[in-house]
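Dropping protein_25.cif in here (mmCIF, C-alpha atoms (C1' of nucleotides)):
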data_coords
loop_
_atom_site.label_atom_id
_atom_site.label_comp_id
_atom_site.auth_asym_id
_atom_site.auth_seq_id
_atom_site.Cartn_x
_atom_site.Cartn_y
_atom_site.Cartn_z
CA MET X 1 0.00 0.00 0.00
CA ALA X 2 2.70 2.50 0.94
CA SER X 3 4.73 1.47 -2.10
CA ILE X 4 2.17 2.73 -4.57
CA SER X 5 1.73 5.92 -2.62
CA ASP X 6 5.46 6.51 -2.60
CA ARG X 7 5.89 5.78 -6.24
CA VAL X 8 3.25 8.14 -7.47
CA GLY X 9 4.37 11.07 -5.42
CA ASP X 10 1.63 10.80 -2.80
CA LEU X 11 -1.22 11.22 -5.21
CA GLY X 12 -3.58 9.94 -2.59
CA GLY X 13 -2.55 12.46 -0.01
CA TYR X 14 -2.92 15.21 -2.52
CA LEU X 15 -6.38 14.04 -3.47
CA ARG X 16 -7.49 13.98 0.13
CA GLU X 17 -6.06 17.40 0.71
CA GLN X 18 -7.88 18.82 -2.27
CA ARG X 19 -11.10 17.13 -1.28
CA GLU X 20 -10.94 18.49 2.23
CA HIS X 21 -10.06 21.87 0.89
CA ALA X 22 -13.20 21.70 -1.20
CA LYS X 23 -15.14 20.60 1.88
CA LEU X 24 -16.43 17.50 0.17
CA SER X 25 -16.99 14.12 1.74
CA LEU X 26 -15.56 11.11 0.07
CA ARG X 27 -19.01 10.14 -1.14
CA GLN X 28 -19.74 13.57 -2.47
CA LEU X 29 -16.57 13.72 -4.49
CA ALA X 30 -17.07 10.19 -5.72
CA ALA X 31 -20.54 11.14 -6.94
CA LEU X 32 -19.26 14.30 -8.61
CA ALA X 33 -16.44 12.41 -10.20
CA GLY X 34 -18.55 9.46 -11.23
CA VAL X 35 -16.44 6.84 -9.47
CA SER X 36 -17.36 4.54 -6.63
CA ASN X 37 -16.71 5.83 -3.17
CA PRO X 38 -14.88 2.74 -1.95
CA TYR X 39 -12.58 3.03 -4.91
CA LEU X 40 -11.91 6.68 -4.23
CA SER X 41 -11.15 5.76 -0.65
CA GLN X 42 -8.69 3.15 -1.80
CA ILE X 43 -7.03 5.62 -4.14
CA GLU X 44 -6.64 8.16 -1.36
CA ARG X 45 -5.06 5.53 0.84
CA GLY X 46 -2.74 4.47 -1.93
CA LEU X 47 -4.22 1.00 -2.24
CA ARG X 48 -5.02 1.35 -5.90
CA LYS X 49 -3.46 2.95 -8.88
CA PRO X 50 -6.13 4.69 -10.90
CA SER X 51 -6.12 5.06 -14.64
CA ALA X 52 -5.75 8.39 -16.33
CA GLU X 53 -9.43 8.26 -17.13
CA VAL X 54 -10.38 7.98 -13.48
CA LEU X 55 -7.97 10.77 -12.63
CA GLN X 56 -9.65 12.90 -15.26
CA GLN X 57 -12.99 12.26 -13.66
CA ILE X 58 -11.72 13.02 -10.20
CA ALA X 59 -10.11 16.21 -11.41
CA LYS X 60 -13.44 17.21 -12.92
CA GLY X 61 -15.16 16.57 -9.62
CA LEU X 62 -12.57 18.64 -7.79
CA ARG X 63 -12.61 21.30 -10.50
CA ILE X 64 -8.87 21.18 -10.84
CA SER X 65 -6.84 20.44 -13.91
CA ALA X 66 -6.32 16.81 -14.73
CA GLU X 67 -2.71 17.60 -15.42
CA ALA X 68 -2.08 18.39 -11.80
CA LEU X 69 -3.12 14.86 -10.98
CA TYR X 70 -1.22 13.39 -13.91
CA LEU X 71 1.95 15.01 -12.62
CA ARG X 72 1.52 13.45 -9.23
CA ALA X 73 0.63 10.12 -10.73
CA GLY X 74 3.77 10.12 -12.83
CA ILE X 75 1.83 10.23 -16.07
CA LEU X 76 3.16 13.61 -17.01
CA ASP X 77 6.71 14.65 -16.62
CA SER X 78 7.30 18.15 -15.35
CA GLU X 79 10.76 18.32 -16.89
CA GLU X 80 11.37 21.40 -18.91
CA ARG X 81 11.07 20.86 -22.63
CA PRO X 82 11.13 23.17 -25.55
CA GLN X 83 7.55 24.26 -25.65
CA VAL X 84 7.47 24.93 -29.39
CA GLU X 85 8.41 21.38 -30.19
CA ILE X 86 5.80 19.98 -27.87
CA ALA X 87 3.14 22.23 -29.27
CA ILE X 88 3.95 21.34 -32.84
CA ASN X 89 3.92 17.63 -32.07
CA ALA X 90 0.72 17.90 -30.16
CA ASP X 91 -1.17 19.96 -32.72
CA PRO X 92 -3.82 17.76 -34.26
CA GLY X 93 -4.37 20.24 -37.03
CA LEU X 94 -1.05 19.52 -38.70
CA THR X 95 -0.10 16.66 -40.94
CA SER X 96 3.04 14.66 -40.32
CA ARG X 97 4.75 16.39 -43.19
CA GLN X 98 3.85 19.84 -41.89
CA ARG X 99 5.06 18.97 -38.45
CA ARG X 100 8.35 17.84 -39.87
CA VAL X 101 8.76 20.96 -41.91
CA LEU X 102 7.99 23.21 -38.96
CA LEU X 103 10.33 21.29 -36.69
CA ASP X 104 13.07 21.51 -39.28
CA ILE X 105 12.70 25.23 -39.64
CA TYR X 106 12.51 25.70 -35.92
CA ALA X 107 15.62 23.63 -35.36
CA SER X 108 17.55 25.52 -38.00
CA PHE X 109 16.48 28.82 -36.51
CA ARG X 110 17.65 27.74 -33.11
CA ALA X 111 20.93 26.46 -34.57
CA GLU X 112 21.40 29.73 -36.37
CA ASN X 113 20.93 31.62 -33.17
CA VAL X 114 23.42 29.42 -31.37
CA ARG X 115 25.96 30.05 -34.10
CA THR X 116 25.34 33.75 -33.93
CA ALA X 117 25.80 33.72 -30.20
CA ASP X 118 29.04 31.71 -30.37
CA GLN X 119 30.71 33.66 -33.20
CA GLN X 120 33.56 31.18 -32.79
CA GLY X 121 33.13 29.26 -36.01
CA GLU X 122 31.77 26.22 -34.36
CA PRO X 123 30.55 23.85 -37.07
CA ALA X 124 26.93 24.27 -37.86
CA VAL X 125 24.76 21.53 -36.48
CA ALA X 126 22.71 20.14 -39.32
CA PRO X 127 19.02 20.30 -38.61
CA VAL X 128 17.86 16.87 -37.72
CA ASP X 129 14.46 15.60 -38.66
CA ALA X 130 13.10 13.99 -35.58
CA GLU X 131 9.40 13.59 -35.38
CA GLY X 132 9.63 13.20 -31.64
CA GLY X 133 11.66 16.34 -31.55
CA THR X 134 12.89 15.76 -28.07
CA ALA X 135 16.39 14.60 -28.82
CA PRO X 136 17.66 16.61 -31.78
CA THR X 137 21.17 15.29 -31.43
CA ARG X 138 20.12 11.84 -32.48
CA GLY X 139 19.99 10.67 -36.01
CA GLU X 140 16.80 10.05 -37.89
CA PRO X 141 14.81 7.12 -36.71
CA GLY X 142 15.09 5.70 -40.17
CA THR X 143 18.86 5.77 -40.05
CA ARG X 144 19.05 3.90 -36.82
CA ASP X 145 21.00 0.71 -36.50
CA THR X 146 18.66 -1.83 -37.90
CA SER X 147 20.08 -4.88 -36.22
CA PRO X 148 17.23 -6.07 -34.12
CA PRO X 149 17.47 -5.91 -30.35
CA ASP X 150 17.29 -9.06 -28.34
CA GLU X 151 14.14 -10.94 -29.05
CA GLN X 152 11.73 -10.86 -26.23
CA SER X 153 9.37 -13.56 -27.31
CA MET D 1 -12.48 -3.45 -31.63
CA ALA D 2 -13.36 -0.63 -33.95
CA SER D 3 -15.14 1.17 -31.15
CA ILE D 4 -12.01 1.56 -29.09
CA SER D 5 -10.05 2.69 -32.08
CA ASP D 6 -12.65 5.28 -32.96
CA ARG D 7 -12.93 6.58 -29.44
CA VAL D 8 -9.24 7.17 -28.92
CA GLY D 9 -8.67 9.04 -32.14
CA ASP D 10 -6.99 6.17 -33.96
CA LEU D 11 -4.14 5.76 -31.57
CA GLY D 12 -3.35 2.42 -33.04
CA GLY D 13 -3.06 3.71 -36.55
CA TYR D 14 -0.81 6.47 -35.37
CA LEU D 15 1.40 4.05 -33.51
CA ARG D 16 1.75 1.85 -36.56
CA GLU D 17 2.54 4.84 -38.70
CA GLN D 18 5.22 6.01 -36.31
CA ARG D 19 6.65 2.55 -36.02
CA GLU D 20 6.83 2.13 -39.76
CA HIS D 21 8.33 5.55 -40.12
CA ALA D 22 11.01 4.46 -37.70
CA LYS D 23 11.45 1.26 -39.71
CA LEU D 24 10.93 -0.92 -36.70
CA SER D 25 9.18 -4.24 -36.64
CA LEU D 26 6.52 -4.80 -34.11
CA ARG D 27 8.85 -6.98 -32.11
CA GLN D 28 11.66 -4.48 -32.21
CA LEU D 29 9.48 -1.70 -30.94
CA ALA D 30 7.97 -3.93 -28.31
CA ALA D 31 11.43 -4.79 -27.07
CA LEU D 32 12.51 -1.17 -27.09
CA ALA D 33 9.37 -0.16 -25.30
CA GLY D 34 9.48 -3.03 -22.82
CA VAL D 35 6.00 -4.33 -23.64
CA SER D 36 5.00 -7.64 -25.10
CA ASN D 37 4.78 -7.78 -28.83
CA PRO D 38 1.33 -9.39 -28.91
CA TYR D 39 0.08 -6.61 -26.73
CA LEU D 40 1.60 -3.98 -28.97
CA SER D 41 -0.06 -5.67 -31.91
CA GLN D 42 -3.39 -5.59 -30.15
CA ILE D 43 -2.94 -1.93 -29.34
CA GLU D 44 -2.14 -1.07 -32.93
CA ARG D 45 -5.24 -2.91 -34.06
CA GLY D 46 -7.33 -1.14 -31.45
CA LEU D 47 -8.16 -4.32 -29.53
CA ARG D 48 -6.79 -3.03 -26.26
CA LYS D 49 -6.70 0.24 -24.47
CA PRO D 50 -3.28 0.73 -23.00
CA SER D 51 -2.56 2.56 -19.79
CA ALA D 52 -0.66 5.81 -19.71
CA GLU D 53 2.32 3.90 -18.41
CA VAL D 54 2.38 1.64 -21.40
CA LEU D 55 1.99 4.63 -23.69
CA GLN D 56 4.95 6.23 -21.99
CA GLN D 57 7.02 3.15 -22.65
CA ILE D 58 5.97 2.97 -26.25
CA ALA D 59 6.73 6.64 -26.73
CA LYS D 60 10.18 6.03 -25.30
CA GLY D 61 10.70 3.19 -27.74
CA LEU D 62 9.62 5.38 -30.63
CA ARG D 63 11.59 8.33 -29.30
CA ILE D 64 8.59 10.58 -29.51
CA SER D 65 6.93 12.50 -26.79
CA ALA D 66 4.51 10.61 -24.62
CA GLU D 67 2.19 13.54 -24.83
CA ALA D 68 1.58 13.00 -28.52
CA LEU D 69 0.27 9.58 -27.61
CA TYR D 70 -1.70 10.86 -24.66
CA LEU D 71 -3.49 13.24 -26.96
CA ARG D 72 -4.52 10.52 -29.30
CA ALA D 73 -5.50 8.31 -26.42
CA GLY D 74 -7.73 10.99 -25.01
CA ILE D 75 -5.69 11.30 -21.86
CA LEU D 76 -4.64 14.81 -22.66
CA ASP D 77 -6.83 17.42 -24.20
CA SER D 78 -5.10 19.43 -26.90
CA GLU D 79 -6.62 22.57 -25.51
CA GLU D 80 -4.73 22.03 -22.31
CA ARG D 81 -1.42 22.29 -24.07
CA PRO D 82 0.30 25.44 -25.15
CA GLN D 83 -0.86 26.27 -28.60
CA VAL D 84 1.80 26.42 -31.25
CA GLU D 85 1.33 30.14 -31.69
CA ILE D 86 1.61 30.81 -28.02
CA ALA D 87 4.68 28.63 -27.75
CA ILE D 88 6.40 30.29 -30.66
CA ASN D 89 5.72 33.73 -29.25
CA ALA D 90 7.04 32.69 -25.88
CA ASP D 91 10.21 30.99 -27.08
CA PRO D 92 13.18 33.02 -25.93
CA GLY D 93 15.46 31.29 -28.41
CA LEU D 94 13.84 32.86 -31.46
CA THR D 95 14.23 36.29 -32.95
CA SER D 96 11.22 38.36 -33.90
CA ARG D 97 11.78 37.64 -37.56
CA GLN D 98 12.02 33.93 -36.95
CA ARG D 99 8.86 34.00 -34.89
CA ARG D 100 7.02 35.75 -37.66
CA VAL D 101 8.24 33.28 -40.25
CA LEU D 102 7.23 30.30 -38.16
CA LEU D 103 3.85 31.79 -37.35
CA ASP D 104 3.23 32.53 -41.03
CA ILE D 105 4.13 29.02 -42.06
CA TYR D 106 2.05 27.54 -39.27
CA ALA D 107 -0.94 29.67 -40.22
CA SER D 108 -0.67 28.74 -43.88
CA PHE D 109 -0.41 25.06 -42.99
CA ARG D 110 -3.51 25.29 -40.89
CA ALA D 111 -5.33 27.21 -43.62
CA GLU D 112 -4.25 24.61 -46.12
CA ASN D 113 -5.66 21.87 -43.96
CA VAL D 114 -8.95 23.72 -43.52
CA ARG D 115 -9.27 24.16 -47.28
CA THR D 116 -8.47 20.54 -47.79
CA ALA D 117 -11.11 19.57 -45.30
CA ASP D 118 -13.68 21.85 -46.98
CA GLN D 119 -12.94 20.44 -50.40
CA GLN D 120 -13.65 17.02 -49.02
CA GLY D 121 -17.05 18.17 -47.87
CA GLU D 122 -16.25 17.90 -44.20
CA PRO D 123 -17.20 20.65 -41.79
CA ALA D 124 -14.31 22.93 -40.94
CA VAL D 125 -12.47 21.40 -38.03
CA ALA D 126 -9.99 24.13 -37.30
CA PRO D 127 -10.22 24.70 -33.57
CA VAL D 128 -10.85 28.19 -32.37
CA ASP D 129 -7.55 29.36 -31.02
CA ALA D 130 -8.51 30.87 -27.76
CA GLU D 131 -5.77 32.35 -25.67
CA GLY D 132 -5.14 30.20 -22.68
CA GLY D 133 -7.22 27.38 -24.03
CA THR D 134 -9.20 25.80 -21.32
CA ALA D 135 -7.38 27.31 -18.43
CA PRO D 136 -9.71 26.92 -15.51
CA THR D 137 -11.80 30.00 -15.26
CA ARG D 138 -13.55 28.86 -12.19
CA GLY D 139 -12.41 29.81 -8.76
CA GLU D 140 -10.58 27.60 -6.35
CA PRO D 141 -12.37 24.55 -5.13
CA GLY D 142 -12.72 26.23 -1.78
CA THR D 143 -14.76 29.04 -3.20
CA ARG D 144 -17.50 26.86 -4.48
CA ASP D 145 -20.95 26.41 -3.06
CA THR D 146 -20.51 23.91 -0.32
CA SER D 147 -24.02 22.53 -0.21
CA PRO D 148 -23.61 18.84 -0.82
CA PRO D 149 -24.82 17.37 -4.11
CA ASP D 150 -27.41 14.64 -4.17
CA GLU D 151 -26.22 11.54 -2.47
CA GLN D 152 -25.61 8.68 -4.76
CA SER D 153 -25.07 5.82 -2.37
"C1'" DT U 1 15.17 -28.50 -50.95
"C1'" DG U 2 15.15 -27.98 -45.59
"C1'" DC U 3 16.42 -25.06 -41.99
"C1'" DC U 4 16.47 -20.91 -39.65
"C1'" DA U 5 15.23 -16.30 -38.42
"C1'" DC U 6 11.99 -13.11 -38.80
"C1'" DT U 7 7.18 -11.37 -39.08
"C1'" DG U 8 2.41 -10.38 -36.97
"C1'" DC U 9 -0.98 -12.60 -34.65
"C1'" DT U 10 -4.03 -16.07 -31.46
"C1'" DT U 11 -5.04 -17.86 -27.12
"C1'" DG U 12 -5.39 -18.68 -22.30
"C1'" DC U 13 -3.99 -17.00 -18.00
"C1'" DA U 14 -2.66 -14.04 -13.81
"C1'" DA U 15 -2.92 -9.66 -11.84
"C1'" DT U 16 -5.22 -5.59 -11.18
"C1'" DA U 17 -8.76 -1.93 -11.80
"C1'" DG U 18 -13.19 -0.60 -10.48
"C1'" DC U 19 -17.58 -1.72 -8.63
"C1'" DA U 20 -21.83 -3.19 -5.66
"C1'" DA U 21 -23.30 -4.69 -1.34
"C1'" DG U 22 -22.76 -4.02 3.08
"C1'" DC U 23 -20.45 -2.99 7.85
"C1'" DA U 24 -19.51 -0.18 11.92
"C1'" DG U 25 -19.11 4.18 13.94
"C1'" DA U 26 -20.44 9.13 14.34
"C1'" DA U 27 -23.65 12.82 13.93
"C1'" DT U 28 -28.25 14.67 13.74
"C1'" DC U 29 -33.10 14.93 14.66
"C1'" DG U 30 -37.80 14.36 16.66
"C1'" DC W 1 -33.77 7.98 23.83
"C1'" DG W 2 -34.29 5.43 19.07
"C1'" DA W 3 -34.31 6.19 14.27
"C1'" DT W 4 -32.19 8.03 10.52
"C1'" DT W 5 -28.54 9.78 7.85
"C1'" DC W 6 -24.02 10.38 7.19
"C1'" DT W 7 -19.13 8.91 7.28
"C1'" DG W 8 -15.06 5.98 5.64
"C1'" DC W 9 -14.04 1.48 4.92
"C1'" DT W 10 -14.11 -4.06 3.92
"C1'" DT W 11 -15.03 -7.65 0.89
"C1'" DG W 12 -15.97 -10.43 -3.02
"C1'" DC W 13 -16.85 -10.13 -7.72
"C1'" DT W 14 -16.47 -9.03 -12.86
"C1'" DA W 15 -14.11 -6.97 -16.63
"C1'" DT W 16 -9.96 -5.59 -18.47
"C1'" DT W 17 -4.99 -5.15 -18.97
"C1'" DG W 18 -0.74 -7.11 -20.12
"C1'" DC W 19 1.86 -11.26 -20.68
"C1'" DA W 20 3.89 -16.03 -22.04
"C1'" DA W 21 3.60 -19.72 -25.10
"C1'" DG W 22 2.96 -20.77 -29.44
"C1'" DC W 23 1.13 -20.68 -34.49
"C1'" DA W 24 1.43 -19.81 -39.45
"C1'" DG W 25 3.41 -17.27 -43.08
"C1'" DT W 26 7.56 -15.10 -45.39
"C1'" DG W 27 12.22 -14.55 -46.77
"C1'" DG W 28 17.11 -15.78 -46.90
"C1'" DC W 29 20.71 -19.17 -47.09
"C1'" DA W 30 23.51 -23.49 -47.64
#
Could you write out this file's structure as structure tokens?
Amino acid sequence: MASISDRVGDLGGYLREQREHAKLSLRQLAALAGVSNPYLSQIERGLRKPSAEVLQQIAKGLRISAEALYLRAGILDSEERPQVEIAINADPGLTSRQRRVLLDIYASFRAENVRTADQQGEPAVAPVDAEGGTAPTRGEPGTRDTSPPDEQS
Amino acid sequence: MASISDRVGDLGGYLREQREHAKLSLRQLAALAGVSNPYLSQIERGLRKPSAEVLQQIAKGLRISAEALYLRAGILDSEERPQVEIAINADPGLTSRQRRVLLDIYASFRAENVRTADQQGEPAVAPVDAEGGTAPTRGEPGTRDTSPPDEQS
DNA sequence: TGCCACTGCTTGCAATAGCAAGCAGAATCG
DNA sequence: CGATTCTGCTTGCTATTGCAAGCAGTGGCA
């Protein structure tokens, strides 16, 4: 029981705190959230590990952002990332090709600014097409070593 | 099977596309991601609904952001993320000119996609870009009416 | 040709999520 | 006071997730 609570950054404690802050009983919040009250109790005590969907519902009941709960549950990572890259990747209104183009241009702009800042003739870093966009120093996925990793099955 | 796939915005199709783009077999990606290959196959075909944890692992294997998968899985709402325009404007690593260029390209891509959608007879799906998205406009939980809702149990 | 390695997938199972029914204690009310 | 309502929690159950074992097809090689 404590192990789950520890691992997810005391999600349960946070939930209880928020619920008490909102002056809701466990049953009231469960009803608002659309989950069973025993299950909510178990979550608060760290006995269960709720899905993102349940967290969404609980967040709705508490009128807080689901992301706050995701962070505590370890679903979201609060590490700093280039926001532009995230936004481009997350934008459902762009095609894969458009995303790639935008990421390329963005990367080259950033590289250009680094070069300008250095002024020391450091070799230009070629813009790398990475759909994930989070590790620009890596080669393209398609150019990766194609020898298969150890078989798992 | 199709119902899950429809509901989560074709997560499975996206996963397959990304995997193929990375030139990985199903087994290779499963190994990289640390999930079983039958399960990955089921996910791609929409037969299973993976947890956020599994999505995180798969994203790691594909070297893309987990959030892209969360969006397609319905775990994250795209309105909760920084919009591309906002992100570009806020990026300290870009010059004004670069920002303008990126914004112009982004806008033309979006317009292109709207036109494409119109030509196909679909209703325009371009989301209204509202500043701040769905940032909670309601007060703190503590400020809400504290009369209990109807009891459910 | 047979053998081997690879591919994606089927199937049955164990573990866990999430729930309904219900318990015991506390608080409130007539 | 007893009855009622509320509180958080226990327990046993079903549905689902995720996996291991294995199948059938494909391609490459001696």
Taking a cut-off of 12 Å and counting all atoms listed in the file, can you build a table that, for each residue of chain U near chain X, reports the nearest atom pair and how far apart they are in Å (one decimal), sorted by chain then residue number, as a tab-separated table?
residue	atom	partner	partner_atom	distance
U:DA5	C1'	X:Glu151	CA	10.8
U:DC6	C1'	X:Pro148	CA	9.9
U:DT16	C1'	X:Arg48	CA	8.7
U:DA17	C1'	X:Pro50	CA	7.2
U:DG18	C1'	X:Tyr39	CA	6.7
U:DC19	C1'	X:Ser36	CA	6.6
U:DA20	C1'	X:Ser36	CA	9.0
U:DA21	C1'	X:Pro38	CA	11.2
U:DG22	C1'	X:Pro38	CA	11.5
Could the residues in this selection be written to a file with C-alpha atoms (C1' of nucleotides), as a PDB file, in the coordinates of the input?
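New file again13.pdb:
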ATOM      1  C1'  DA U   5      15.230 -16.300 -38.420  1.00  0.00           C
ATOM      2  C1'  DC U   6      11.990 -13.110 -38.800  1.00  0.00           C
ATOM      3  C1'  DT U  16      -5.220  -5.590 -11.180  1.00  0.00           C
ATOM      4  C1'  DA U  17      -8.760  -1.930 -11.800  1.00  0.00           C
ATOM      5  C1'  DG U  18     -13.190  -0.600 -10.480  1.00  0.00           C
ATOM      6  C1'  DC U  19     -17.580  -1.720  -8.630  1.00  0.00           C
ATOM      7  C1'  DA U  20     -21.830  -3.190  -5.660  1.00  0.00           C
ATOM      8  C1'  DA U  21     -23.300  -4.690  -1.340  1.00  0.00           C
ATOM      9  C1'  DG U  22     -22.760  -4.020   3.080  1.00  0.00           C
TER      10       DG U  22
END
For a quick test of understanding: name the residues of chain W lying within 12 Å of chain D when counting only C-alpha atoms (C1' of nucleotides), and present them as an NGL selection string.
:W and (5-7 or 16-22)
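Across D:Gln57, D:Ser108, D:Gln42, D:Gln98, the tightest approach to chain X is made by D:Gln98 when counting only C-alpha atoms.
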Which residues are near DG8 in chain W? Cut-off 10 Å, all atoms listed in the file, ignore same chain within fewer than 3 positions. Put them as an mmCIF file with C-alpha atoms (C1' of nucleotides), keeping the file's coordinate frame.
data_model
loop_
_atom_site.group_PDB
_atom_site.id
_atom_site.type_symbol
_atom_site.label_atom_id
_atom_site.label_comp_id
_atom_site.auth_asym_id
_atom_site.auth_seq_id
_atom_site.Cartn_x
_atom_site.Cartn_y
_atom_site.Cartn_z
ATOM 1 C CA SER X 25 -16.990 14.120 1.740
ATOM 2 C CA LEU X 26 -15.560 11.110 0.070
ATOM 3 C CA ARG X 27 -19.010 10.140 -1.140
ATOM 4 C CA ASN X 37 -16.710 5.830 -3.170
ATOM 5 C CA PRO X 38 -14.880 2.740 -1.950
ATOM 6 C CA SER X 41 -11.150 5.760 -0.650
ATOM 7 C "C1'" DA U 24 -19.510 -0.180 11.920
ATOM 8 C "C1'" DG U 25 -19.110 4.180 13.940
#
For the file shown, report as an NGL selection string the outcome of the PyMOL selection byres ((chain U and resi 1) around 12) at residue level.
(:U and (2-3)) or (:W and (29-30))
Could you jot down the CA of Glu44 in chain X to C1' of DC23 in chain U separation for me, Å, one decimal place?
20.0 Å
So which residues touch Glu85 in chain D within 10 Å, counting all atoms listed in the file, skipping near sequence neighbours fewer than 5 positions away, as a list of chain:residue names?
X:Val84, X:Ala87, X:Ile88, D:Ala90, D:Arg99, D:Arg100, D:Leu102, D:Leu103, D:Asp104, D:Tyr106, D:Ala107, D:Asp129, D:Glu131
Can you measure CA of Ala33 in chain D to CA of Thr95 in chain X for me? One decimal in Å is fine.
24.8 Å
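Straight-line separation from CA of Tyr14 in chain X to CA of Ile58 in chain X: 11.9 Å.
Once the PyMOL selection byres ((chain U and resi 29) around 10) is applied to the shown structure, the selection contains U:DA27, U:DT28, U:DG30, W:DA3, W:DT4, W:DT5.
Closest to chain D among X:Ala73, X:Ala68, X:Lys60, X:Asn89 is X:Asn89, based on all atoms listed in the file.
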